[in-house]
Every structure is written in structure tokens, then in C-alpha cells.
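K.L.:
Structure below; questions to follow.
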Amino acid sequence: MKRNIFGTSLVGGRFHDIPMGGSIGSVMPYGERTRSWSPPRAPADSLIVHTLQQVLAEMNSTDLATENQMLKAKIAALTELCDEFDALRDELSKRVERLRRMIPKYRHLRKALKEAHSKSRAIEAELAELKKIMAENEKNRGDFDPGHKGKPFVEHANRLDKIGQTDAALDLIYDRIDTLLVKGKFEEVDSVLRDADPKRLSVDILLGLLTSTLPARTKLSTRAKFFAEVEREIRRRDQWEDGLLTGLESQP
Amino acid sequence: MTARVHTPQEHPFEFIEHVAVAITLLREREGQGHVGIFHKDETTSELRMIHLAWHHSLKNSRPKSSYAWISPPIPKRRARQVAAFCRRVYRANALGIPYAFSQATDCFDQQTGAFILGPDRNGLTCASFVLGVFQSAGLPLIQYGTWPRIRDGDEEWQRLILSQLKEDEASTEHIRRVESEVGSVRYRPEDVAGAAATERLPASFVQVQPLAEAILAKLHSDGLLT
């Protein structure tokens with residue numbers, strides 16, 4: 001038998017190899033053993049184990065209870081958090097839905113913005129053109145002085161008309177013709193009508209020249225010829241309509 | 001009969017192409033109309049109303065919703081010229097136009113440097129101003145010769161205007177001239193509007209008369225008062 005410092009314990013009464021005269025833990029030389037019998041009882045180690053098991057069980061149960069409580073608290077907190085997340089998710093979903101609904105509007109706005117940008121570029125181009133015309137006008141201000149050889153204002157009006165500024169072109173014609181008529185410069189006006197080429201001018205510009213010179217029709221020698229040329233040109237372009245020149249004739 | 005007479009509630013001013021004759025009833029004078037011309041500048045997309053409001057008071061105001069409007073039967077391109085003419089008239093008459101009962105002329109005034117009012121003319125009314133603008137642009141609205149010399153109430157109205165000119169301290173010379181015109185032909189605001197509502201220009205008095213009455217009735221029924 002192998003050396004055993006604790007002996008063999010068997011529950012139910014039996015022989016034990018136990019060290020003699022010693023307490024648990026004392027060591028006797030090998031061979032100096034005695035055989036004794038002890039009545040059946042719960043051995044101390046078993047009791048300890050049992051106690052420990054009980055303690056452990058109690059401890060476990062205490063710990064588990066505490067842990068359960070903690071878990072419950074955690075679960076409660078998590079549930080609360082989940083509710084908050086749910087609410088947040090609902091709110092976010094609503095926002096997403098709202099934003100989704102706004103997408104077409106924003107697309108429209110973006111499109112409008114693009115158009116505005118492109119219009120703004122077109123206006124800038126027109127403005128640059130107008131500035132050029134203004135600069136030239138400034139340079140040619142002496143157009144109406146006798147003997148001045150500047151560019152005729154009809155050219156400027158024609159350019160304005162070509163960039164879609166027809167009313168501004170007409171304002172220029174009415175102002176210049178009126179200024180000349182008031183100063184009694186009928187020859188100048190005759191010269192303007194003589195130089196104006198109906199083939200190069202729009203119907204609106206031609207009508208502007210005829211209308212603005214109408215009050216002085218009896219004093220302008222070239223106007224009747226100009227009227228005839230204008231009528232011919234408009235008919236040639238197939239832009240004629242009833243009443244277009246009615247009342248603009250030089251002879252009533 | 002007044003199919004082409006529009007209130008801004010029926011047809012907003014945006015529908016106006018270049019020009020339209022504008023008419024309203026004056027709140028302060030029951031039954032008295034006031035007429036002007038709506039004109040649009042395509043460059044600025046701005047609609048304005050040029051009208052002779054009173055003695056030396058030529059206005060180019062923003063349109064009011066209390067005015068009815070009528071597009072005259074003229075080609076669109078000619079309407080554009082009338083609009084340009086309106087702008088020029090306003091620029092050329094910074095000092096306004098005197099108020100009197102002269103007939104408008106289609107000749108520019110070389111002495112005053114202004115269109116519309118000839119050298120031997122004393123002044124215009126709101127109605128003869130509108131007639132003068134269209135006439136100067138080669139588009140007379142009415143056949144002047146067909147207008148009756150005097151109608152009921154015309155002379156009383158002219159005397160009322162004369163007394164108001166005196167109250168407003170118009171010059172003695174101007175008062176004297178206007179006095180000499182009392183009894184001359186009067187073109188009423190509704191006559192001008194009625195002419196614009198006819199199918200063909202220039203319109204005779206017989207053509208205009210029923211339209212003028214219908215326009216006045218419409219202004220009253222729609223409560224277009226200014």
C-alpha cells in the first residue's frame with residue numbers, strides 16, 4: 001500500500017489505515033501503523049466539503065440573487081434605452097420620410113438654381129454687350145453735330161434689338177429722333193433714314209423709325225421713300241400683317 | 001358688347017401685351033371717369049400707367065387694381081411702338097402738360113420740344129391726352145369729326161375744371177386761355193375706352209356711344225373706384 005498521510009476514508013464503518021497516535025497531518029514512519037475501526041460517521045473532510053458546498057451554495061445563491069437583481073436592473077435600463085432608441089428611430093424615420101418627400105422640391109430648387117446661374121451668365125454677357133454699346137455711344141455722342149462722322153445710333157439700336165433688348169433699342173431711337181426734331185435738324189433725320197438699310201433691320205426697328213419720324217412727316221424729304229422700302233422688305237420677308245403700317249404713311 | 005373690357009380680377013394685368021387703355025371711376029366725383037394708358041417695358045417687364053392727372057401733373061404710376069383695361073384692336077408690333085412712345089412722352093414732358101380743353105395734335109411742338117401738345121394748344125384733359133398719344137403714333141382711336149359739339153353736362157364740367165384751376169392758382173394767362181375753350185368738344189374718358197373696345201379704328205361716335213355706356217355700367221357694377 002502506498003504511503004498515505006490521510007488514510008483511506010470510507011463511509012459506513014470499516015477498517016481504516018490511520019496513522020497512530022498522531023493527529024491529522026502527523027507523519028509516522030512507514031510500517032508503524034495500527035489497524036483500528038471507527039463507528040460510521042460523517043467524516044470531517046466530508047463535512048467540510050458539505051459545509052463548503054452549503055456555503056458555496058448559499059454564496060452562489062446570494063451572488064446569483066444579487067446578480068439577478070443587477071441583471072434585472074440592467075435589463076430594465078436596457079429596456080428603457082431600447083424604448084428611447086425606438087422613439088429615436090421613429091423620429092429619425094419620420095425625419096427621413098420628410099426629407100425624402102422634400103427631395104423633389106430640392107431637385108426642383110437645384111434645377112431652378114442652375115437655370116438662374118445660366119440666366120445670370122446670359123445677363124452678364126448682355127450687360128457686357130450693353131456696356132460696350134454705352135462706351136461706343138459715349139464716344140459717338142457728337143453724332144448729331146453737323147459734319148460729325150460718328151457711327152449712327154441706328155446701328156446701336158440694331159445691336160440692342162439683336163440681343164433681345166428691343167424696347168431699349170426703341171427708346172434709343174425715339175430719344176435720338178425726338179432730340180433731332182426738336183432742334184429742327186430735319187436734314188440729319190433725313191440722313192438717318194437714307195442710311196438705314198431695311199434689309200439689315202428688324203421689323204420693330206423699322207417701325208420705330210417710321211413712328212418716331214411720323215410727327216415730322218411733312219418736313220422729311222426721304223421718309224416717303226423709306227416707307228416704301230420698309231413695306232417692300234416686310235412683304236419680302238413674309239412678315240406682313242393687316243394694319244402693320246396703317247397711319248404711318250408720309251402722305252395722309 | 002364689352003367682351004374686351006377686363007377688370008384685373010377677371011384678367012390680371014400680366015395679360016396686357018405692350019399697351020392697353022385704362023379706365024376707372026373717380027371716388028371724389030360721382031360718375032366722373034379717369035383714363036390713362038397702361039404700357040409695358042419688356043426690358044424691365046414693368047407695367048406702368050401714364051396719365052394726365054391734373055394741371056402739369058403727368059404721371060407714370062404703378063397700375064392700380066381699381067382700373068379696367070382694354071386692348072385696342074391694333075397689331076402687336078404697333079402696340080409695342082405705342083408703349084415706346086408713352087415712355088418717350090413721359091421723358092420729354094418732365095414739367096408735365098397743362099390741363100385745358102384743346103384737341104391733341106399728332107405734330108411735335110418745335111417750340112416746347114414736346115410731342116402731343118402743339119404750339120397753339122393750351123392743354124389737354126386725361127382723355128384728350130390718351131387720344132393724342134395714339135394719334136401721334138399713327139393710330140387715331142376716334143374719328144374726331146363725328147363727335148358732337150356739346151353734350152349735356154359738358155359745359156358744366158368744363159366750368160367746374162376752370163374753377164378748380166383758379167383754386168389751384170394756375171396762371172392768369174392759362175385761366176384766360178382755358179376760359180376761351182369752354183364750350184369746345186369734350187372727349188370723355190368713357191369715349192376713349194369705348195373706342196379702344198371697338199373692332200376697328202378709328203371709331204365713330206355712333207360706334208363708341210353704346211360701348212362707352214356699357215363700360216360705365218361695368219365700372220359701377222364692379223365697384224371700380226379710385
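Labels used: A, B, ... for chains in the order of the C-alpha cells, numbers from 1 for residues in each chain, and numbers from 1 for ligands as shown.
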Write out as a PyMOL selection string each polymer residue whose atoms come within 9 Å of Phe134 of chain B, counting only C-alpha atoms; drop sequence neighbours fewer than 4 positions from it.
P.N.:
chain B and resi 82+85+106+129-130+138-141
K.L.:
Write the residues of the preceding selection, restricted to C-alpha atoms, as a PDB file, in the first residue's frame.
P.N.:
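Just written: selection-v5.pdb:
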ATOM      1  CA  VAL B  82     -47.200 102.966 -78.673  1.00  0.00           C
ATOM      2  CA  PHE B  85     -44.000 106.404 -77.487  1.00  0.00           C
ATOM      3  CA  ASP B 106     -50.087 114.494 -83.967  1.00  0.00           C
ATOM      4  CA  PHE B 129     -54.045 113.083 -73.734  1.00  0.00           C
ATOM      5  CA  VAL B 130     -54.710 109.397 -74.443  1.00  0.00           C
ATOM      6  CA  GLY B 138     -50.279 106.908 -86.244  1.00  0.00           C
ATOM      7  CA  LEU B 139     -53.178 105.082 -84.623  1.00  0.00           C
ATOM      8  CA  PRO B 140     -56.046 107.535 -84.079  1.00  0.00           C
ATOM      9  CA  LEU B 141     -58.675 105.990 -81.806  1.00  0.00           C
TER      10      LEU B 141
END
K.L.:
What are the closest atom pairs, with distances in Å to one decimal, for all residues of chain A lying within 10 Å of chain B? Consider only C-alpha atoms, order rows by chain and residue number, and present the result as a Markdown table.
P.N.:
| residue | atom | partner | partner_atom | distance |
| --- | --- | --- | --- | --- |
| A:Gly164 | CA | B:Thr43 | CA | 8.3 |
| A:Gln165 | CA | B:Thr43 | CA | 6.0 |
| A:Thr166 | CA | B:Thr43 | CA | 7.5 |
| A:Asp167 | CA | B:Thr43 | CA | 6.0 |
| A:Ala168 | CA | B:Thr43 | CA | 6.6 |
| A:Ala169 | CA | B:Ala84 | CA | 9.6 |
| A:Leu170 | CA | B:Ala84 | CA | 6.3 |
| A:Asp171 | CA | B:Ala84 | CA | 6.2 |
| A:Leu172 | CA | B:Arg88 | CA | 9.6 |
| A:Ile173 | CA | B:Ala84 | CA | 9.5 |
| A:Tyr174 | CA | B:Arg88 | CA | 6.5 |
| A:Asp175 | CA | B:Arg88 | CA | 6.6 |
| A:Asp178 | CA | B:Gly113 | CA | 8.2 |
| A:Thr179 | CA | B:Gly113 | CA | 8.2 |
| A:Leu181 | CA | B:Gln110 | CA | 7.4 |
| A:Val182 | CA | B:Gln110 | CA | 5.1 |
| A:Lys183 | CA | B:Gln110 | CA | 7.4 |
| A:Gly184 | CA | B:Gln110 | CA | 7.2 |
| A:Val203 | CA | B:Arg77 | CA | 8.2 |
| A:Asp204 | CA | B:Arg77 | CA | 6.6 |
| A:Ile205 | CA | B:Gln81 | CA | 9.5 |
| A:Leu207 | CA | B:Gln81 | CA | 7.3 |
| A:Gly208 | CA | B:Gln81 | CA | 6.3 |
| A:Leu209 | CA | B:Gln81 | CA | 9.8 |
| A:Leu210 | CA | B:Ala137 | CA | 9.3 |
| A:Thr211 | CA | B:Ala137 | CA | 5.7 |
| A:Ser212 | CA | B:Ala137 | CA | 7.6 |
| A:Thr213 | CA | B:Ala137 | CA | 9.5 |
| A:Leu214 | CA | B:Gly138 | CA | 7.3 |
| A:Pro215 | CA | B:Cys107 | CA | 4.4 |
| A:Ala216 | CA | B:Cys107 | CA | 6.7 |
| A:Arg217 | CA | B:Cys107 | CA | 9.0 |
| A:Thr218 | CA | B:Cys107 | CA | 9.8 |
| A:Glu241 | CA | B:Pro75 | CA | 7.9 |
| A:Asp242 | CA | B:Pro75 | CA | 7.8 |
| A:Gly243 | CA | B:Pro75 | CA | 6.6 |
| A:Leu244 | CA | B:Pro75 | CA | 6.2 |
| A:Leu245 | CA | B:Arg78 | CA | 8.2 |
| A:Thr246 | CA | B:Gly138 | CA | 7.3 |
| A:Gly247 | CA | B:Gly138 | CA | 4.4 |
| A:Leu248 | CA | B:Gly138 | CA | 5.5 |
| A:Glu249 | CA | B:Gly138 | CA | 8.6 |
K.L.:
Between B:Val35, B:Asn122, B:Lys59, B:Tyr187, which residue has the minimum interatomic distance to Thr146 of chain B, considering only C-alpha atoms?
P.N.:
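Ranked by minimum distance to Thr146 of chain B, first place goes to B:Tyr187.
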K.L.:
To one decimal place in Å, what is the distance between atom CA of Glu229 of chain A and atom CA of Leu201 of chain B?
P.N.:
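Computed distance, atom CA of Glu229 of chain A to atom CA of Leu201 of chain B, equals 25.3 Å.
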K.L.:
Nearest to Glu10 of chain B among B:Ser184, B:Ser71, B:Ser65, B:Gln209, with distances taken over only C-alpha atoms: which residue is it?
P.N.:
B:Ser65
K.L.:
With distances taken over only C-alpha atoms, which of A:Lys114, A:Arg194, A:Arg101, A:Arg200 is nearest to Phe226 of chain A?
P.N.:
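Going through A:Lys114, A:Arg194, A:Arg101, A:Arg200 one by one, the smallest distance to Phe226 of chain A is for A:Arg194.
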